[in-house]
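Q: Sharing start-v7.cif below, mmCIF, C-alpha atoms:
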data_structure
#
loop_
_atom_site.label_atom_id
_atom_site.label_comp_id
_atom_site.auth_asym_id
_atom_site.auth_seq_id
_atom_site.Cartn_x
_atom_site.Cartn_y
_atom_site.Cartn_z
CA MET T 41 -37.24 51.47 38.93
CA ASP T 42 -38.38 49.81 35.68
CA ASP T 43 -37.29 52.93 33.81
CA ILE T 44 -33.83 52.80 35.43
CA LYS T 45 -33.48 49.12 34.60
CA THR T 46 -34.42 49.71 30.96
CA TYR T 47 -32.09 52.73 30.77
CA MET T 48 -29.12 50.79 32.14
CA GLN T 49 -29.86 47.72 30.03
CA ASP T 50 -29.93 49.88 26.91
CA MET T 51 -26.65 51.47 27.93
CA GLY T 52 -25.12 48.05 28.55
CA ARG T 53 -26.31 46.76 25.18
CA SER T 54 -24.79 49.78 23.42
CA ALA T 55 -21.53 49.34 25.31
CA ARG T 56 -21.29 45.66 24.39
CA ALA T 57 -21.74 46.51 20.70
CA ALA T 58 -19.19 49.32 20.90
CA ALA T 59 -16.69 47.09 22.71
CA ARG T 60 -16.32 44.88 19.63
CA LEU T 61 -15.52 47.89 17.46
CA ILE T 62 -13.16 49.58 19.92
CA ALA T 63 -11.27 46.29 20.40
CA GLN T 64 -10.63 46.22 16.64
CA ALA T 65 -9.45 49.83 16.45
CA ASP T 66 -5.79 50.32 15.60
CA THR T 67 -3.39 52.29 17.76
CA ALA T 68 -3.34 55.34 15.49
CA THR T 69 -7.13 55.67 15.60
CA LYS T 70 -7.28 55.35 19.40
CA ASP T 71 -4.47 57.87 19.81
CA ARG T 72 -6.22 60.29 17.48
CA ALA T 73 -9.37 60.00 19.58
CA LEU T 74 -7.37 60.76 22.75
CA ARG T 75 -5.84 63.84 21.14
CA GLU T 76 -9.25 65.00 19.88
CA ILE T 77 -10.75 64.62 23.37
CA ALA T 78 -7.87 66.61 24.86
CA PHE T 79 -8.44 69.32 22.24
CA ALA T 80 -12.19 69.38 23.00
CA LEU T 81 -11.54 69.77 26.73
CA ARG T 82 -9.31 72.78 26.17
CA VAL T 83 -11.59 74.41 23.59
CA ASN T 84 -14.62 73.95 25.84
CA SER T 85 -12.86 74.92 29.06
CA ALA T 86 -15.27 77.79 29.77
CA ALA T 87 -18.30 75.52 29.40
CA LEU T 88 -16.70 72.91 31.67
CA LEU T 89 -16.00 75.50 34.37
CA ALA T 90 -19.54 76.87 34.11
CA ALA T 91 -21.01 73.39 34.53
CA ASN T 92 -18.66 72.73 37.43
CA ALA T 93 -19.71 75.99 39.10
CA LEU T 94 -23.29 74.66 39.23
CA ASP T 95 -22.08 71.51 41.00
CA VAL T 96 -19.89 73.42 43.44
CA ALA T 97 -22.71 75.82 44.33
CA ALA T 98 -25.13 72.95 44.94
CA ALA T 99 -22.57 71.01 46.99
CA THR T 100 -21.83 74.04 49.14
CA ALA T 101 -25.53 74.74 49.67
CA ASN T 102 -26.08 71.09 50.64
CA GLY T 103 -23.35 71.23 53.27
CA LEU T 104 -20.78 69.00 51.56
CA ASP T 105 -17.55 69.08 53.57
CA ALA T 106 -14.70 71.34 52.47
CA ALA T 107 -12.39 68.49 51.39
CA SER T 108 -15.08 67.03 49.12
CA VAL T 109 -15.87 70.44 47.63
CA ASP T 110 -12.15 70.88 46.94
CA ARG T 111 -12.01 67.52 45.12
CA LEU T 112 -15.11 68.51 43.14
CA THR T 113 -13.80 71.90 42.01
CA LEU T 114 -12.32 72.33 38.53
CA THR T 115 -10.02 75.19 37.50
CA GLU T 116 -8.30 76.15 34.26
CA LYS T 117 -5.27 74.29 35.61
CA THR T 118 -7.16 71.06 36.33
CA VAL T 119 -8.90 71.13 32.94
CA ASN T 120 -5.50 71.53 31.30
CA SER T 121 -4.18 68.67 33.46
CA MET T 122 -7.02 66.42 32.26
CA ALA T 123 -6.12 67.22 28.66
CA GLU T 124 -2.42 66.66 29.30
CA GLY T 125 -3.18 63.32 30.95
CA LEU T 126 -4.98 62.15 27.81
CA LEU T 127 -2.05 63.20 25.65
CA GLN T 128 0.27 61.22 27.93
CA ILE T 129 -1.94 58.13 27.56
CA ALA T 130 -1.74 58.57 23.77
CA GLN T 131 2.05 58.36 24.02
CA LEU T 132 2.03 55.10 25.99
CA PRO T 133 2.63 51.79 24.18
CA ASP T 134 -0.59 50.07 23.13
CA PRO T 135 -0.86 46.75 25.01
CA VAL T 136 -3.59 45.31 22.78
CA GLY T 137 -2.37 42.56 20.47
CA GLU T 138 0.98 42.22 22.25
CA ILE T 139 2.24 38.63 21.84
CA SER T 140 4.52 37.01 24.41
CA GLU T 141 5.88 33.69 25.66
CA MET T 142 5.80 31.98 22.25
CA SER T 143 7.41 28.55 22.33
CA PHE T 144 7.48 25.41 20.20
CA ARG T 145 5.93 22.25 21.57
CA PRO T 146 7.11 18.71 20.65
CA SER T 147 4.11 18.42 18.33
CA GLY T 148 5.44 21.33 16.25
CA ILE T 149 2.78 23.84 17.27
CA GLN T 150 3.76 27.19 18.74
CA VAL T 151 1.95 28.27 21.91
CA GLY T 152 1.95 31.79 23.36
CA LYS T 153 -0.21 34.55 24.72
CA MET T 154 -1.86 37.62 23.20
CA ARG T 155 -3.00 40.62 25.23
CA VAL T 156 -6.66 41.52 24.67
CA PRO T 157 -9.19 44.03 26.10
CA LEU T 158 -11.45 43.02 28.97
CA GLY T 159 -14.54 44.22 27.09
CA VAL T 160 -16.93 46.54 28.94
CA ILE T 161 -15.69 48.22 32.12
CA GLY T 162 -18.05 49.88 34.58
CA ILE T 163 -16.42 52.56 36.70
CA ILE T 164 -18.15 54.00 39.76
CA TYR T 165 -16.58 56.98 41.47
CA GLU T 166 -17.27 59.94 43.72
CA SER T 167 -16.47 63.64 43.75
CA ARG T 168 -13.58 64.04 41.32
CA PRO T 169 -14.78 64.99 37.79
CA ASN T 170 -11.26 64.48 36.40
CA VAL T 171 -11.80 60.72 36.83
CA THR T 172 -14.28 60.93 33.94
CA ALA T 173 -11.53 61.97 31.53
CA ASP T 174 -8.85 59.69 33.02
CA ALA T 175 -11.11 56.62 32.97
CA ALA T 176 -12.33 57.33 29.46
CA GLY T 177 -8.77 57.67 28.21
CA LEU T 178 -7.45 54.52 29.85
CA CYS T 179 -10.39 52.40 28.73
CA LEU T 180 -10.14 53.73 25.18
CA LYS T 181 -6.40 53.12 24.85
CA SER T 182 -6.74 49.57 26.24
CA GLY T 183 -9.50 48.79 23.71
CA ASN T 184 -12.41 48.67 26.15
CA ALA T 185 -15.84 50.27 26.16
CA ALA T 186 -16.71 52.09 29.40
CA ILE T 187 -19.81 52.94 31.39
CA LEU T 188 -18.98 55.71 33.86
CA ARG T 189 -21.12 56.54 36.87
CA GLY T 190 -19.80 59.56 38.74
CA GLY T 191 -21.10 60.99 41.99
CA SER T 192 -24.39 62.88 41.95
CA GLU T 193 -22.59 65.95 43.27
CA ALA T 194 -20.60 66.16 39.98
CA ILE T 195 -23.45 65.45 37.55
CA HIS T 196 -23.13 68.69 35.52
CA SER T 197 -19.34 68.50 35.36
CA ASN T 198 -19.34 64.87 34.26
CA GLN T 199 -21.92 65.49 31.55
CA ALA T 200 -19.90 68.40 30.19
CA ILE T 201 -16.77 66.24 30.07
CA ALA T 202 -18.77 63.45 28.42
CA VAL T 203 -19.71 65.81 25.57
CA CYS T 204 -15.99 66.39 24.93
CA VAL T 205 -15.22 62.67 25.10
CA GLN T 206 -17.92 61.80 22.60
CA ALA T 207 -16.86 64.61 20.28
CA GLY T 208 -13.33 63.19 20.27
CA LEU T 209 -14.55 59.66 19.58
CA LYS T 210 -16.70 60.87 16.69
CA ALA T 211 -13.85 62.91 15.20
CA ALA T 212 -11.68 59.76 15.16
CA GLY T 213 -14.42 57.65 13.58
CA LEU T 214 -15.08 55.57 16.69
CA PRO T 215 -18.53 54.86 18.16
CA GLU T 216 -19.62 57.53 20.63
CA THR T 217 -21.12 54.75 22.77
CA ALA T 218 -17.61 53.47 23.48
CA VAL T 219 -17.68 55.78 26.52
CA GLN T 220 -21.04 56.47 28.15
CA VAL T 221 -21.64 58.55 31.26
CA VAL T 222 -24.73 57.69 33.30
CA THR T 223 -27.02 60.73 33.28
CA THR T 224 -29.26 59.83 36.22
CA THR T 225 -28.37 60.47 39.87
CA ASP T 226 -30.69 57.67 40.99
CA ARG T 227 -28.65 55.20 43.06
CA ALA T 228 -30.64 52.35 41.55
CA ALA T 229 -28.47 52.82 38.45
CA VAL T 230 -25.44 51.62 40.41
CA GLY T 231 -27.33 48.52 41.53
CA GLU T 232 -28.15 47.72 37.92
CA LEU T 233 -24.66 48.41 36.63
CA ILE T 234 -22.95 46.04 39.07
CA THR T 235 -25.32 43.17 38.30
CA MET T 236 -25.46 43.34 34.47
CA LYS T 237 -23.34 40.24 33.86
CA GLU T 238 -24.45 39.94 30.27
CA PHE T 239 -23.14 43.39 29.38
CA VAL T 240 -20.39 44.34 31.87
CA ASP T 241 -17.13 42.38 32.28
CA VAL T 242 -15.58 44.14 35.27
CA ILE T 243 -16.41 46.89 37.77
CA VAL T 244 -13.84 49.37 39.11
CA PRO T 245 -15.03 51.37 42.15
CA ARG T 246 -13.10 54.52 43.05
CA GLY T 247 -14.05 56.27 46.25
CA GLY T 248 -14.43 55.84 49.97
CA LYS T 249 -14.34 52.57 51.85
CA GLY T 250 -18.13 52.56 52.24
CA LEU T 251 -18.72 52.79 48.49
CA ILE T 252 -16.21 50.06 47.71
CA ALA T 253 -17.50 47.74 50.46
CA ARG T 254 -21.07 48.11 49.20
CA ILE T 255 -20.14 47.39 45.60
CA SER T 256 -17.96 44.43 46.57
CA ALA T 257 -20.81 42.93 48.59
CA ASP T 258 -23.55 43.45 46.00
CA ALA T 259 -21.79 43.05 42.65
CA LYS T 260 -22.42 40.05 40.43
CA VAL T 261 -19.67 41.26 38.10
CA PRO T 262 -15.95 40.84 39.00
CA VAL T 263 -14.61 43.87 40.91
CA ILE T 264 -11.08 45.35 40.82
CA LYS T 265 -10.65 47.14 44.13
CA HIS T 266 -8.88 47.83 47.38
CA LEU T 267 -10.58 48.73 50.65
CA ASP T 268 -7.76 49.99 52.87
CA GLY T 269 -4.23 51.27 52.54
CA ILE T 270 -2.68 50.19 55.83
CA CYS T 271 0.92 50.57 54.68
CA HIS T 272 4.01 49.76 56.76
CA VAL T 273 7.65 50.77 56.81
CA TYR T 274 10.00 48.48 58.76
CA ILE T 275 13.37 49.93 59.86
CA ASP T 276 15.65 46.92 60.17
CA ASP T 277 18.61 46.63 62.55
CA ASP T 278 20.84 46.62 59.43
CA ALA T 279 19.34 49.85 58.09
CA ASP T 280 21.25 53.00 57.18
CA LEU T 281 19.53 55.16 59.78
CA ASP T 282 19.87 58.45 57.90
CA LYS T 283 18.26 56.77 54.90
CA ALA T 284 15.60 55.28 57.16
CA ILE T 285 14.66 58.65 58.62
CA ARG T 286 14.26 60.22 55.17
CA ILE T 287 12.14 57.33 53.90
CA ALA T 288 9.92 57.09 56.99
CA ASP T 289 9.39 60.87 57.06
CA ASN T 290 8.41 60.99 53.38
CA ALA T 291 6.21 57.89 53.59
CA LYS T 292 4.06 59.56 56.25
CA THR T 293 4.23 63.31 55.75
CA HIS T 294 4.51 63.79 51.97
CA ARG T 295 0.69 63.58 51.83
CA TYR T 296 -1.63 62.30 54.53
CA GLY T 297 -4.92 61.55 52.79
CA VAL T 298 -3.66 59.04 50.22
CA CYS T 299 -3.83 55.25 50.19
CA ASN T 300 -0.07 54.77 49.86
CA ALA T 301 0.88 56.82 52.92
CA MET T 302 2.50 54.88 55.76
CA GLU T 303 0.12 54.28 58.67
CA THR T 304 2.34 52.07 60.88
CA LEU T 305 6.08 52.34 61.51
CA LEU T 306 7.88 49.22 62.70
CA VAL T 307 11.38 49.54 64.18
CA ALA T 308 13.85 46.83 65.20
CA GLU T 309 14.46 47.02 68.94
CA SER T 310 18.26 47.14 68.55
CA VAL T 311 18.10 50.49 66.71
CA ALA T 312 14.89 51.95 68.16
CA ALA T 313 16.63 54.14 70.75
CA GLN T 314 18.82 55.63 68.01
CA VAL T 315 16.28 56.24 65.27
CA LEU T 316 13.01 57.02 67.05
CA PRO T 317 13.99 60.25 68.89
CA PRO T 318 15.19 62.18 65.79
CA LEU T 319 12.47 60.70 63.55
CA CYS T 320 9.66 61.39 65.99
CA LYS T 321 10.88 64.95 66.49
CA ILE T 322 10.33 65.47 62.76
CA TYR T 323 6.82 64.03 63.06
CA LEU T 324 5.94 66.10 66.12
CA ASP T 325 7.30 69.28 64.55
CA LYS T 326 4.98 68.61 61.58
CA GLY T 327 1.98 68.08 63.84
CA VAL T 328 1.74 64.29 63.53
CA GLU T 329 0.06 62.54 66.46
CA LEU T 330 2.06 59.47 67.52
CA ARG T 331 0.52 56.33 68.98
CA GLY T 332 3.03 53.75 70.16
CA ASP T 333 3.37 50.45 71.96
CA ALA T 334 4.94 50.39 75.43
CA ALA T 335 8.51 50.16 74.12
CA ALA T 336 8.04 53.05 71.70
CA CYS T 337 6.36 55.22 74.36
CA ALA T 338 9.26 54.57 76.73
CA ILE T 339 11.69 55.96 74.13
CA VAL T 340 9.48 58.89 73.04
CA PRO T 341 7.29 59.96 76.00
CA GLN T 342 5.25 62.36 73.82
CA MET T 343 3.57 59.35 72.22
CA ASN T 344 0.08 58.28 73.20
CA GLU T 345 -0.50 54.62 73.96
CA ALA T 346 -1.65 52.67 70.90
CA THR T 347 -4.70 50.42 71.04
CA GLU T 348 -5.28 47.17 69.17
CA GLU T 349 -7.55 49.09 66.79
CA ASP T 350 -4.71 51.47 65.85
CA TRP T 351 -2.79 48.69 64.12
CA ARG T 352 -5.87 48.02 61.96
CA THR T 353 -6.63 51.66 61.06
CA GLU T 354 -6.02 53.59 57.86
CA TYR T 355 -5.87 57.10 59.30
CA LEU T 356 -5.57 59.18 56.10
CA ALA T 357 -4.55 61.90 58.56
CA PRO T 358 -1.47 63.14 60.47
CA ILE T 359 -1.59 60.20 62.88
CA LEU T 360 0.99 57.40 62.99
CA SER T 361 1.18 54.10 64.86
CA VAL T 362 4.64 53.02 66.01
CA ARG T 363 5.71 49.57 67.21
CA VAL T 364 9.11 48.29 68.32
CA VAL T 365 9.64 44.70 67.14
CA ALA T 366 12.29 42.12 67.93
CA ASP T 367 13.50 41.44 64.40
CA LEU T 368 12.54 40.91 60.76
CA ASP T 369 10.37 37.90 61.54
CA ALA T 370 8.40 39.86 64.13
CA ALA T 371 7.95 42.72 61.64
CA MET T 372 6.67 40.36 58.94
CA ASN T 373 4.36 38.66 61.44
CA HIS T 374 2.88 42.07 62.33
CA ILE T 375 2.43 42.90 58.65
CA ALA T 376 0.81 39.51 57.96
CA THR T 377 -1.66 40.19 60.80
CA TYR T 378 -2.56 43.81 60.14
CA SER T 379 -1.58 44.76 56.58
CA SER T 380 -4.27 45.46 53.98
CA GLN T 381 -1.86 44.04 51.36
CA HIS T 382 -1.43 47.43 49.70
CA THR T 383 2.20 48.57 50.10
CA ASP T 384 4.90 47.62 52.60
CA SER T 385 8.58 48.62 52.69
CA ILE T 386 11.76 47.54 54.46
CA VAL T 387 14.78 49.76 55.09
CA THR T 388 17.90 47.58 55.30
CA GLU T 389 21.39 47.20 53.88
CA ASN T 390 21.23 43.42 54.34
CA TYR T 391 20.61 41.77 50.96
CA THR T 392 19.38 38.48 52.41
CA LYS T 393 16.82 40.22 54.62
CA ALA T 394 15.69 42.41 51.74
CA MET T 395 15.09 39.37 49.53
CA ARG T 396 13.20 37.59 52.33
CA PHE T 397 10.97 40.64 52.76
CA LEU T 398 10.26 40.79 49.01
CA ARG T 399 9.41 37.09 48.85
CA GLU T 400 7.45 36.69 52.07
CA VAL T 401 5.41 39.89 52.44
CA ASP T 402 2.16 39.27 50.57
CA SER T 403 1.21 42.77 49.39
CA SER T 404 0.47 44.25 45.98
CA SER T 405 3.62 46.40 46.21
CA VAL T 406 6.65 45.40 48.31
CA MET T 407 9.63 47.74 48.50
CA VAL T 408 13.24 47.88 49.68
CA ASN T 409 14.75 51.20 50.75
CA ALA T 410 12.00 53.32 49.20
CA SER T 411 9.03 55.35 50.38
CA THR T 412 5.59 53.76 50.08
CA ARG T 413 4.51 56.97 48.33
CA PHE T 414 5.98 55.59 45.09
CA ALA T 415 3.11 53.07 44.81
CA ASP T 416 1.16 54.63 41.97
CA GLY T 417 0.89 54.25 38.24
CA PHE T 418 2.83 57.34 37.24
CA GLU T 419 5.84 56.50 39.43
CA TYR T 420 5.81 52.91 38.17
CA GLY T 421 5.94 54.07 34.55
CA LEU T 422 2.35 53.01 33.86
CA GLY T 423 1.08 56.52 33.14
CA ALA T 424 -2.36 57.31 34.51
CA GLU T 425 -3.99 54.61 36.61
CA ILE T 426 -7.58 53.57 37.10
CA GLY T 427 -6.91 52.69 40.75
CA ILE T 428 -5.06 50.26 42.99
CA SER T 429 -5.90 46.57 43.28
CA THR T 430 -5.09 44.49 46.34
CA ASP T 431 -6.98 41.52 44.93
CA LYS T 432 -5.09 38.41 43.84
CA ILE T 433 -6.30 38.55 40.26
CA HIS T 434 -4.66 39.46 36.96
CA ALA T 435 -4.49 43.13 38.03
CA ARG T 436 -2.61 43.74 41.30
CA GLY T 437 -1.08 47.00 42.48
CA PRO T 438 -1.52 50.14 40.36
CA VAL T 439 -3.94 49.34 37.52
CA GLY T 440 -2.88 50.96 34.27
CA LEU T 441 -3.35 49.89 30.67
CA HIS T 442 -2.10 46.34 31.19
CA GLY T 443 -4.44 45.92 34.15
CA LEU T 444 -7.38 46.74 31.88
CA THR T 445 -6.44 43.91 29.54
CA SER T 446 -6.25 40.14 29.85
CA GLN T 447 -4.39 37.46 27.94
CA LYS T 448 -5.60 34.63 25.77
CA TYR T 449 -3.60 31.67 24.55
CA ILE T 450 -2.80 31.56 20.86
CA VAL T 451 -1.62 28.52 18.90
CA LEU T 452 0.20 28.59 15.55
CA GLY T 453 0.35 25.37 13.55
CA ASN T 454 1.16 24.06 10.12
CA GLY T 455 -1.32 21.25 9.72
CA GLN T 456 -0.57 19.41 12.97
CA ILE T 457 -3.21 16.99 14.26
CA ARG T 458 -3.45 15.36 17.67
CA SER T 459 -2.42 11.69 17.64
#
Written as structure tokens, how would this file's structure read?
A:
Amino acid sequence: MDDIKTYMQDMGRSARAAARLIAQADTATKDRALREIAFALRVNSAALLAANALDVAAATANGLDAASVDRLTLTEKTVNSMAEGLLQIAQLPDPVGEISEMSFRPSGIQVGKMRVPLGVIGIIYESRPNVTADAAGLCLKSGNAAILRGGSEAIHSNQAIAVCVQAGLKAAGLPETAVQVVTTTDRAAVGELITMKEFVDVIVPRGGKGLIARISADAKVPVIKHLDGICHVYIDDDADLDKAIRIADNAKTHRYGVCNAMETLLVAESVAAQVLPPLCKIYLDKGVELRGDAAACAIVPQMNEATEEDWRTEYLAPILSVRVVADLDAAMNHIATYSSQHTDSIVTENYTKAMRFLREVDSSSVMVNASTRFADGFEYGLGAEIGISTDKIHARGPVGLHGLTSQKYIVLGNGQIRS
């Protein structure tokens, strides 16, 4: 344990020193590093796949479930996608140094804000090795140093990617310690990382609810996170029903195991008998299990009866809860009670209702006439994202480059003194 503590403290100290240098790097240098890392990934593709094969073999032998093994596995295509993702980050505008909201005060000074890096970001994640490249790229472009701790099942893959990252940093003249990947699989390293307040400015956990809950409970460093994605679509009595069916179908069935998939469908009682039969036929034909309240079950008898726990559950599976509600107020009351404040959407042609929904629903993404599946960094024009935040802090919703920066006040004067 003493060895782990010393190891992590040394890593933190190196990251803090590198953070000062990476924060000073200009856009051209950071973009060159991103391109060099992408080049290194492609050139070393065979070595990456060989390292990944070791992880996949061990995971299979240890009985890791098929879905986790699939997330762990790299192919030529995924290596190329990692490289392409870094090149896309290089093309994004650099947020660091951006000045906004400048205004003159009666004293003659100008006051505004400048966007600055957070400093050192610790990222803790599970099976997916591609997160190593994505996280490194986003932290680098936003001027931050990073300490990355991937899952033990991906240790060889992550180390191989780290070699490429550090080669790219070196080629661009940036400190290799700007991105460090933890080399030990000892879980004590996580405990150290999330409590090193003197070295780490923020923690970003990416993984299952258990991982995120543990880190949130134990961390002494601020955490950017979300626990659940209990997303809702409300079909209003002023909805275009054809539009509503398309949106509600896509929100649930486009992909099941993602945090922005709809888990509960709310339908206004005045249109429920019209919209639920054709919509639920689509769900049933696609193998979705339906769990409804009494009113919904009466309209679609193939539904199972929903329990109180269903309204609070993120299924991440082909299961959907359905509730018939009296009106917009009842829908928003349901959302206020059960939503995880991730993403909620209304389908309506009524402008006043749409604006009420946008103002009053307290989620990180609130939508009108759109599928909840749009709630991610790429679709929002942010490029790659480090994750989703449902916290009420500077970063809320998809966390891209701007979410990995903060703002400081700047003052420009010409000799003014306070009287």
Q: Check the smallest atom-to-atom distance from each of T:Ala279, T:Met236, T:Leu74, T:Ala106 to Asp258 in chain T using all atoms listed in the file, then report the winner.
A: T:Met236
Q: Taking 4 positions as the minimum chain separation for residues in the same chain, which residues sit within 6 Å of Gly162 in chain T when counting all atoms listed in the file? Answer as an NGL selection string.
A: :T and (186-188 or 243)
Q: Which residues match the PyMOL selection byres ((chain T and resi 308) around 12) in the file above, as number ranges by chain?
A: T: 273-279, 281, 284, 305-307, 309-316, 335-336, 362-372, 386-388
Q: Which value, in Å to one decimal, gives the distance between CA of Glu76 in chain T and CA of Gly208 in chain T?
A: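 Computed distance, CA of Glu76 in chain T to CA of Gly208 in chain T, equals 4.5 Å.
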Q: Between T:His272, T:Arg254, T:Arg53, T:Arg458, which residue has the minimum interatomic distance to Val230 in chain T, considering all atoms listed in the file?
A: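 Answer, going by the shortest atom-to-atom distance: T:Arg254.
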Q: Evaluate the PyMOL selection byres ((chain T and resi 135-150) around 8) against this structure - the residues, as a PDB file with C-alpha atoms, in the frame of the given file, please.
A:
ATOM      1  CA  PRO T 133       2.630  51.790  24.180  1.00  0.00           C
ATOM      2  CA  ASP T 134      -0.590  50.070  23.130  1.00  0.00           C
ATOM      3  CA  VAL T 151       1.950  28.270  21.910  1.00  0.00           C
ATOM      4  CA  GLY T 152       1.950  31.790  23.360  1.00  0.00           C
ATOM      5  CA  LYS T 153      -0.210  34.550  24.720  1.00  0.00           C
ATOM      6  CA  MET T 154      -1.860  37.620  23.200  1.00  0.00           C
ATOM      7  CA  ARG T 155      -3.000  40.620  25.230  1.00  0.00           C
ATOM      8  CA  VAL T 156      -6.660  41.520  24.670  1.00  0.00           C
ATOM      9  CA  PRO T 157      -9.190  44.030  26.100  1.00  0.00           C
ATOM     10  CA  SER T 182      -6.740  49.570  26.240  1.00  0.00           C
ATOM     11  CA  GLY T 183      -9.500  48.790  23.710  1.00  0.00           C
ATOM     12  CA  LEU T 441      -3.350  49.890  30.670  1.00  0.00           C
ATOM     13  CA  HIS T 442      -2.100  46.340  31.190  1.00  0.00           C
ATOM     14  CA  THR T 445      -6.440  43.910  29.540  1.00  0.00           C
ATOM     15  CA  VAL T 451      -1.620  28.520  18.900  1.00  0.00           C
ATOM     16  CA  LEU T 452       0.200  28.590  15.550  1.00  0.00           C
ATOM     17  CA  GLY T 453       0.350  25.370  13.550  1.00  0.00           C
ATOM     18  CA  ASN T 454       1.160  24.060  10.120  1.00  0.00           C
ATOM     19  CA  GLN T 456      -0.570  19.410  12.970  1.00  0.00           C
TER      20      GLN T 456
END
Q: For the structure shown, which residues end up in the PyMOL selection byres ((chain T and resi 419-436) around 7)? Put them as number ranges by chain, please?
A: T: 129, 175, 246, 264-266, 381-382, 404, 414-418, 437-440, 443
Q: Which protein, DNA or RNA residues are at most 12 Å from (-7.6, 60.4, 46.8) in the file's coordinates when you count all atoms listed in the file, listed as JSON, numbers by chain?
A: {"T": [107, 108, 110, 111, 112, 165, 166, 167, 168, 170, 171, 246, 247, 248, 249, 269, 295, 296, 297, 298, 299, 300, 301, 356, 416, 426, 427, 428]}
Q: Just to be explicit: take each residue in the selection above, keep C-alpha atoms, and write the result as a PDB file, in the frame of the given file.
A:
ATOM      1  CA  ALA T 107     -12.390  68.490  51.390  1.00  0.00           C
ATOM      2  CA  SER T 108     -15.080  67.030  49.120  1.00  0.00           C
ATOM      3  CA  ASP T 110     -12.150  70.880  46.940  1.00  0.00           C
ATOM      4  CA  ARG T 111     -12.010  67.520  45.120  1.00  0.00           C
ATOM      5  CA  LEU T 112     -15.110  68.510  43.140  1.00  0.00           C
ATOM      6  CA  TYR T 165     -16.580  56.980  41.470  1.00  0.00           C
ATOM      7  CA  GLU T 166     -17.270  59.940  43.720  1.00  0.00           C
ATOM      8  CA  SER T 167     -16.470  63.640  43.750  1.00  0.00           C
ATOM      9  CA  ARG T 168     -13.580  64.040  41.320  1.00  0.00           C
ATOM     10  CA  ASN T 170     -11.260  64.480  36.400  1.00  0.00           C
ATOM     11  CA  VAL T 171     -11.800  60.720  36.830  1.00  0.00           C
ATOM     12  CA  ARG T 246     -13.100  54.520  43.050  1.00  0.00           C
ATOM     13  CA  GLY T 247     -14.050  56.270  46.250  1.00  0.00           C
ATOM     14  CA  GLY T 248     -14.430  55.840  49.970  1.00  0.00           C
ATOM     15  CA  LYS T 249     -14.340  52.570  51.850  1.00  0.00           C
ATOM     16  CA  GLY T 269      -4.230  51.270  52.540  1.00  0.00           C
ATOM     17  CA  ARG T 295       0.690  63.580  51.830  1.00  0.00           C
ATOM     18  CA  TYR T 296      -1.630  62.300  54.530  1.00  0.00           C
ATOM     19  CA  GLY T 297      -4.920  61.550  52.790  1.00  0.00           C
ATOM     20  CA  VAL T 298      -3.660  59.040  50.220  1.00  0.00           C
ATOM     21  CA  CYS T 299      -3.830  55.250  50.190  1.00  0.00           C
ATOM     22  CA  ASN T 300      -0.070  54.770  49.860  1.00  0.00           C
ATOM     23  CA  ALA T 301       0.880  56.820  52.920  1.00  0.00           C
ATOM     24  CA  LEU T 356      -5.570  59.180  56.100  1.00  0.00           C
ATOM     25  CA  ASP T 416       1.160  54.630  41.970  1.00  0.00           C
ATOM     26  CA  ILE T 426      -7.580  53.570  37.100  1.00  0.00           C
ATOM     27  CA  GLY T 427      -6.910  52.690  40.750  1.00  0.00           C
ATOM     28  CA  ILE T 428      -5.060  50.260  42.990  1.00  0.00           C
TER      29      ILE T 428
END
Q: Anything within 10 Å of (-9.5, 57.8, 27.0): list those residues as a PyMOL selection string, counting only C-alpha atoms and sticking to the file's coordinates.
A: chain T and resi 70-71+73-75+77-78+125-127+129-130+172-186+205+208-209+218-219
Q: Would you compute the distance between CA of Arg227 in chain T and CA of Val244 in chain T? Give it in Å to one decimal.
A: 16.4 Å
Q: Do you have the CA of Asp350 in chain T-CA of Tyr378 in chain T distance handy?
A: 9.8 Å
Q: Hey, what's within 12 Å of range 92-104 of chain T if we count all atoms listed in the file and toss same-chain stuff fewer than 2 positions away? As a short mmCIF file (atom, residue, chain, number, x, y, z; two decimals) with C-alpha atoms, in the frame of the given file, please?
A:
data_model
loop_
_atom_site.label_atom_id
_atom_site.label_comp_id
_atom_site.auth_asym_id
_atom_site.auth_seq_id
_atom_site.Cartn_x
_atom_site.Cartn_y
_atom_site.Cartn_z
CA SER T 85 -12.86 74.92 29.06
CA ALA T 86 -15.27 77.79 29.77
CA ALA T 87 -18.30 75.52 29.40
CA LEU T 88 -16.70 72.91 31.67
CA LEU T 89 -16.00 75.50 34.37
CA ALA T 90 -19.54 76.87 34.11
CA ALA T 106 -14.70 71.34 52.47
CA ALA T 107 -12.39 68.49 51.39
CA SER T 108 -15.08 67.03 49.12
CA VAL T 109 -15.87 70.44 47.63
CA ASP T 110 -12.15 70.88 46.94
CA ARG T 111 -12.01 67.52 45.12
CA LEU T 112 -15.11 68.51 43.14
CA THR T 113 -13.80 71.90 42.01
CA LEU T 114 -12.32 72.33 38.53
CA THR T 115 -10.02 75.19 37.50
CA GLU T 116 -8.30 76.15 34.26
CA THR T 118 -7.16 71.06 36.33
CA VAL T 119 -8.90 71.13 32.94
CA SER T 167 -16.47 63.64 43.75
CA ARG T 168 -13.58 64.04 41.32
CA PRO T 169 -14.78 64.99 37.79
CA ASN T 170 -11.26 64.48 36.40
CA GLY T 191 -21.10 60.99 41.99
CA SER T 192 -24.39 62.88 41.95
CA GLU T 193 -22.59 65.95 43.27
CA ALA T 194 -20.60 66.16 39.98
CA ILE T 195 -23.45 65.45 37.55
CA HIS T 196 -23.13 68.69 35.52
CA SER T 197 -19.34 68.50 35.36
CA ASN T 198 -19.34 64.87 34.26
CA GLN T 199 -21.92 65.49 31.55
CA ALA T 200 -19.90 68.40 30.19
CA ILE T 201 -16.77 66.24 30.07
#
